[in-house]
Amino acid sequence: MHARIRDTAIYFDVEGMGLVPDGPQMREKPVMFVLHGGPGADHSSHKGGMTPLAEKAQLVYFDHRGQGRSARGPKETYTLENNVEDMEALRQHLGLDRIAVMGTSYGGMVAMAYALEYQRHISHLVLVATAASHRLIDRAKRIAAERGTEQQRAACERLWAGEIGSDEQFADLLQILGPLYSTTFDPQKAAESRARTIYNVDAWNVGLETFMRRFDFTPRLPEIEVPTLVIAGRHDWICPPDLSEEIARLIPGAVLRIFERSSHWVRADEPRALLDAIAGVLA
């Protein structure tokens with residue numbers, strides 16, 4: 001489904017009923033927006049694995065503008081600000097009041113930015129394997145230098161330099177870095193996920209040019225007053241756990257969960273524990 005909002009068309013999909021029979025009445029479940037990572041990826045990696053949560057909430061997946069199945073349009077519009085305003089426009093388009101928001105990686109950055117502007121419309125905030133400032137780049141470079149193979153270190157340098165000329169090259173680099181992203185990396189599953197994903201390297205490159213190298217939410221995080229769960233993977237190379245600790249320390253009342261057997265892809269490394277943690281928040 002596409003929502004024609006603002007100056008674009010945003011692809012979204014819904015999993016689970018919003019109203020469920022509960023004895024003599026119909027009970028309304030909470031709605032949770034699921035924000036994918038990137039920039040330059042899409043929502044497909046969340047499909048299937050999130051399905052058990054549809055018992056607790058109605059899940060709304062969507063692709064950020066220019067990514068996945070959303071309309072591409074001028075690449076200069078692929079900004080964090082537009083991602084936030086598109087999300088707010090989608091909430092209004094669906095006629096929703098308050099939503100739970102779960103953001104993973106770059107999706108967590110969009111979630112924090114959205115909360116700083118529209119937290120009156122958020123019931124709960126879940127931030128998974130993300131960071132609140134550009135300092136993640138230097139940390140990721142150092143960790144890749146320590147843990148990565150020669151090929152992975154070279155891929156990391158190309159990734160952060162923005163020296164990627166095509167969607168295929170972007171997918172190739174992410175495939176090389178796969179074993180850093182997951183402690184349970186499975187080449188066959190990774191290849192299947194890659195085949196399902198629609199990449200847009202322009203979104204990554206524009207993100208580096210306009211946002212990633214200078215953003216810093218940390219001075220404003222104490223303004224967020226909604227119930228917040230912060231999740232990190234102990235072995236995360238790109239958003240290491242100390243950056244999640246920083247987020248949890250700055251958001252009043254935030255709860256921090258560090259998954260000891262996970263890297264960046266917590267949903268692949270410890271899927272059941274991740275779902276249980278999020279379900280606990282929704283309950």
# chains A, B, ... in the order shown; residues from 1 in each chain; ligands from 1
call {"tool": "select_by_dssp", "arguments": {"residues": "region 116-225 of chain A", "states": "strand (DSSP E)", "output": "list in words"}}
result
Ile122, Ser123, His124, Leu125, Val126, Leu127 and Val128 of chain A
call {"tool": "closest_atom_pairs", "arguments": {"of": "region 74-145 of chain A", "to": "region 206-209 of chain A", "cutoff": "9 Å", "atoms": "only C-alpha atoms", "output": "Markdown table"}}
result
| residue | atom | partner | partner_atom | distance |
| --- | --- | --- | --- | --- |
| A:Lys75 | CA | A:Val206 | CA | 7.2 |
| A:Glu76 | CA | A:Val206 | CA | 7.0 |
| A:Thr77 | CA | A:Val206 | CA | 8.8 |
| A:Tyr78 | CA | A:Val206 | CA | 6.6 |
| A:Thr79 | CA | A:Gly207 | CA | 6.6 |
| A:Leu80 | CA | A:Gly207 | CA | 7.7 |
call {"tool": "write_last_selection", "arguments": {"atoms": "N, CA, C and O atoms", "output": "JSON list (two decimals), in the first residue's frame"}}
result
[["chain", "number", "residue", "atom", "x", "y", "z"],
["A", 75, "LYS", "N", 17.09, 13.04, -5.09],
["A", 75, "LYS", "CA", 17.87, 12.50, -3.98],
["A", 75, "LYS", "C", 18.16, 13.53, -2.90],
["A", 75, "LYS", "O", 18.39, 13.17, -1.74],
["A", 76, "GLU", "N", 18.11, 14.83, -3.26],
["A", 76, "GLU", "CA", 18.37, 15.84, -2.24],
["A", 76, "GLU", "C", 17.25, 15.89, -1.20],
["A", 76, "GLU", "O", 17.39, 16.55, -0.15],
["A", 77, "THR", "N", 16.14, 15.20, -1.45],
["A", 77, "THR", "CA", 15.06, 15.16, -0.46],
["A", 77, "THR", "C", 15.21, 14.02, 0.53],
["A", 77, "THR", "O", 14.39, 13.88, 1.44],
["A", 78, "TYR", "N", 16.27, 13.20, 0.40],
["A", 78, "TYR", "CA", 16.45, 12.05, 1.29],
["A", 78, "TYR", "C", 17.11, 12.50, 2.60],
["A", 78, "TYR", "O", 18.26, 12.15, 2.90],
["A", 79, "THR", "N", 16.41, 13.29, 3.37],
["A", 79, "THR", "CA", 16.98, 13.86, 4.59],
["A", 79, "THR", "C", 16.30, 13.31, 5.83],
["A", 79, "THR", "O", 15.16, 12.83, 5.78],
["A", 80, "LEU", "N", 16.98, 13.43, 6.96],
["A", 80, "LEU", "CA", 16.39, 13.03, 8.23],
["A", 80, "LEU", "C", 15.12, 13.83, 8.51],
["A", 80, "LEU", "O", 14.11, 13.28, 8.96]]
call {"tool": "residues_around", "arguments": {"residues": "Gln175 (chain A)", "least_positions_apart": "3", "cutoff": "10 Å", "atoms": "only C-alpha atoms", "output": "PDB file with C-alpha atoms, in the first residue's frame"}}
result
ATOM      1  CA  GLN A 152      36.179  -5.879   5.900  1.00  0.00           C
ATOM      2  CA  ALA A 155      34.783  -2.203   2.921  1.00  0.00           C
ATOM      3  CA  GLN A 169      28.167  -2.197  -4.798  1.00  0.00           C
ATOM      4  CA  PHE A 170      26.337  -1.095  -1.652  1.00  0.00           C
ATOM      5  CA  ALA A 171      24.819  -4.564  -1.247  1.00  0.00           C
ATOM      6  CA  ASP A 172      28.229  -6.169  -1.867  1.00  0.00           C
ATOM      7  CA  GLY A 178      27.870  -9.303   7.466  1.00  0.00           C
ATOM      8  CA  PRO A 179      29.941 -11.335   9.960  1.00  0.00           C
ATOM      9  CA  LEU A 180      30.590  -8.110  11.913  1.00  0.00           C
ATOM     10  CA  TYR A 181      26.868  -7.360  12.047  1.00  0.00           C
ATOM     11  CA  PRO A 187      25.721 -16.722   4.579  1.00  0.00           C
ATOM     12  CA  ALA A 190      22.161 -13.257   4.414  1.00  0.00           C
ATOM     13  CA  ALA A 191      22.002 -13.941   0.682  1.00  0.00           C
ATOM     14  CA  ARG A 194      19.909  -9.384   0.299  1.00  0.00           C
TER      15      ARG A 194
END
call {"tool": "atom_distance", "arguments": {"atom1": "CA of Asp138 (chain A)", "atom2": "CA of Gly37 (chain A)"}}
result
18.9 Å
call {"tool": "residues_around", "arguments": {"residues": "Glu28 (chain A)", "least_positions_apart": "6", "cutoff": "10 Å", "atoms": "only C-alpha atoms", "output": "PyMOL selection string"}}
result
chain A and resi 17-22+57-58
call {"tool": "closest_residue", "arguments": {"among": "A:Glu15, A:Glu192, A:Asp242, A:Glu88", "to": "Gly48 (chain A)", "atoms": "only C-alpha atoms"}}
result
A:Glu15
call {"tool": "closest_residue", "arguments": {"among": "A:Ile278, A:Ala203, A:Ala41, A:Ala129", "to": "Ser182 (chain A)", "atoms": "only C-alpha atoms"}}
result
A:Ala129
call {"tool": "atom_distance", "arguments": {"atom1": "CA of Glu146 (chain A)", "atom2": "CA of Arg234 (chain A)"}}
result
15.5 Å
call {"tool": "closest_residue", "arguments": {"among": "A:Val31, A:Ile143, A:Leu159, A:Ile224", "to": "Arg120 (chain A)", "atoms": "only C-alpha atoms"}}
result
A:Ile224
call {"tool": "closest_atom_pairs", "arguments": {"of": "region 160-239 of chain A", "to": "region 65-74 of chain A", "cutoff": "10 Å", "atoms": "only C-alpha atoms", "output": "Markdown table"}}
result
| residue | atom | partner | partner_atom | distance |
| --- | --- | --- | --- | --- |
| A:Arg196 | CA | A:Gly68 | CA | 9.9 |
| A:Thr197 | CA | A:Gly68 | CA | 7.1 |
| A:Ile198 | CA | A:Gly68 | CA | 4.8 |
| A:Tyr199 | CA | A:Gly68 | CA | 6.4 |
| A:Asn200 | CA | A:Gln67 | CA | 5.9 |
| A:Val201 | CA | A:Gln67 | CA | 9.1 |
| A:Asp202 | CA | A:Gly66 | CA | 8.5 |
| A:Ala203 | CA | A:Gly66 | CA | 6.9 |
| A:Trp204 | CA | A:Gln67 | CA | 9.9 |
call {"tool": "write_last_selection", "arguments": {"atoms": "C-alpha atoms", "output": "mmCIF file, in the first residue's frame"}}
result
data_model
loop_
_atom_site.group_PDB
_atom_site.id
_atom_site.type_symbol
_atom_site.label_atom_id
_atom_site.label_comp_id
_atom_site.auth_asym_id
_atom_site.auth_seq_id
_atom_site.Cartn_x
_atom_site.Cartn_y
_atom_site.Cartn_z
ATOM 1 C CA ARG A 196 14.602 -9.462 -0.773
ATOM 2 C CA THR A 197 15.973 -6.000 -0.036
ATOM 3 C CA ILE A 198 15.675 -3.033 -2.368
ATOM 4 C CA TYR A 199 18.779 -0.895 -1.814
ATOM 5 C CA ASN A 200 19.307 2.760 -2.668
ATOM 6 C CA VAL A 201 22.907 3.886 -2.299
ATOM 7 C CA ASP A 202 21.893 7.497 -2.953
ATOM 8 C CA ALA A 203 20.062 7.523 0.383
ATOM 9 C CA TRP A 204 23.253 6.352 2.129
#
call {"tool": "select_by_dssp", "arguments": {"residues": "region 9-255 of chain A", "states": "alpha helix (DSSP H)", "output": "VMD selection string"}}
result
chain A and resid 80 to 93 106 to 118 135 to 147 150 to 161 167 to 181 187 to 196 201 to 207 241 to 250
call {"tool": "atom_distance", "arguments": {"atom1": "CA of Val34 (chain A)", "atom2": "CA of Val60 (chain A)"}}
result
6.0 Å
call {"tool": "closest_residue", "arguments": {"among": "A:Lys47, A:Lys29, A:Arg142, A:Arg6", "to": "Arg267 (chain A)", "atoms": "only C-alpha atoms"}}
result
A:Lys47
call {"tool": "closest_residue", "arguments": {"among": "A:His36, A:Arg4, A:Arg98, A:Arg147", "to": "Ile238 (chain A)", "atoms": "only C-alpha atoms"}}
result
A:Arg147
call {"tool": "residues_around", "arguments": {"residues": "Leu59 (chain A)", "least_positions_apart": "4", "cutoff": "12 Å", "atoms": "only C-alpha atoms", "output": "ChimeraX atom specification"}}
result
/A:12-18,29-35,43,46-55,99-102,282
call {"tool": "residues_around", "arguments": {"residues": "Ala248 (chain A)", "least_positions_apart": "6", "cutoff": "12 Å", "atoms": "only C-alpha atoms", "output": "list in words"}}
result
Met112, Leu125, Val126, Leu127, Val128, Ala129, Thr130, Ala131, Ala132, Thr218, Leu221, Pro222, Ile224, Glu225, Pro227, Thr228, Leu229, Val230, Ile231, Ala232, Pro241, Asp242, Ala254, Val255, Leu256, Arg257 and Ile258 of chain A
call {"tool": "write_last_selection", "arguments": {"atoms": "C-alpha atoms", "output": "PDB file, in the first residue's frame"}}
result
ATOM      1  CA  MET A 112      14.662   9.912  18.439  1.00  0.00           C
ATOM      2  CA  LEU A 125       9.707   4.354  22.440  1.00  0.00           C
ATOM      3  CA  VAL A 126      11.954   1.364  21.675  1.00  0.00           C
ATOM      4  CA  LEU A 127      15.486   2.106  20.416  1.00  0.00           C
ATOM      5  CA  VAL A 128      17.411  -0.901  19.126  1.00  0.00           C
ATOM      6  CA  ALA A 129      21.150  -0.893  18.306  1.00  0.00           C
ATOM      7  CA  THR A 130      21.356   2.808  17.547  1.00  0.00           C
ATOM      8  CA  ALA A 131      23.306   5.955  18.431  1.00  0.00           C
ATOM      9  CA  ALA A 132      22.513   9.544  19.330  1.00  0.00           C
ATOM     10  CA  THR A 218      22.509  14.188  23.174  1.00  0.00           C
ATOM     11  CA  LEU A 221      17.554  13.706  24.892  1.00  0.00           C
ATOM     12  CA  PRO A 222      16.509  14.752  28.444  1.00  0.00           C
ATOM     13  CA  ILE A 224      12.065  12.906  25.955  1.00  0.00           C
ATOM     14  CA  GLU A 225       9.607  11.924  28.655  1.00  0.00           C
ATOM     15  CA  PRO A 227       8.521   5.346  28.483  1.00  0.00           C
ATOM     16  CA  THR A 228      11.663   4.244  26.649  1.00  0.00           C
ATOM     17  CA  LEU A 229      13.430   0.905  26.223  1.00  0.00           C
ATOM     18  CA  VAL A 230      16.991   1.011  24.893  1.00  0.00           C
ATOM     19  CA  ILE A 231      18.436  -2.239  23.502  1.00  0.00           C
ATOM     20  CA  ALA A 232      22.040  -2.929  22.523  1.00  0.00           C
ATOM     21  CA  PRO A 241      26.749  -0.651  23.556  1.00  0.00           C
ATOM     22  CA  ASP A 242      28.328   2.344  25.280  1.00  0.00           C
ATOM     23  CA  ALA A 254      14.797   4.848  30.209  1.00  0.00           C
ATOM     24  CA  VAL A 255      15.424   1.127  30.685  1.00  0.00           C
ATOM     25  CA  LEU A 256      18.591  -0.362  29.172  1.00  0.00           C
ATOM     26  CA  ARG A 257      18.892  -3.976  28.022  1.00  0.00           C
ATOM     27  CA  ILE A 258      22.205  -5.253  26.674  1.00  0.00           C
TER      28      ILE A 258
END
call {"tool": "closest_residue", "arguments": {"among": "A:Gly148, A:Thr210, A:Phe259, A:Pro240", "to": "Arg272 (chain A)", "atoms": "only C-alpha atoms"}}
result
A:Phe259
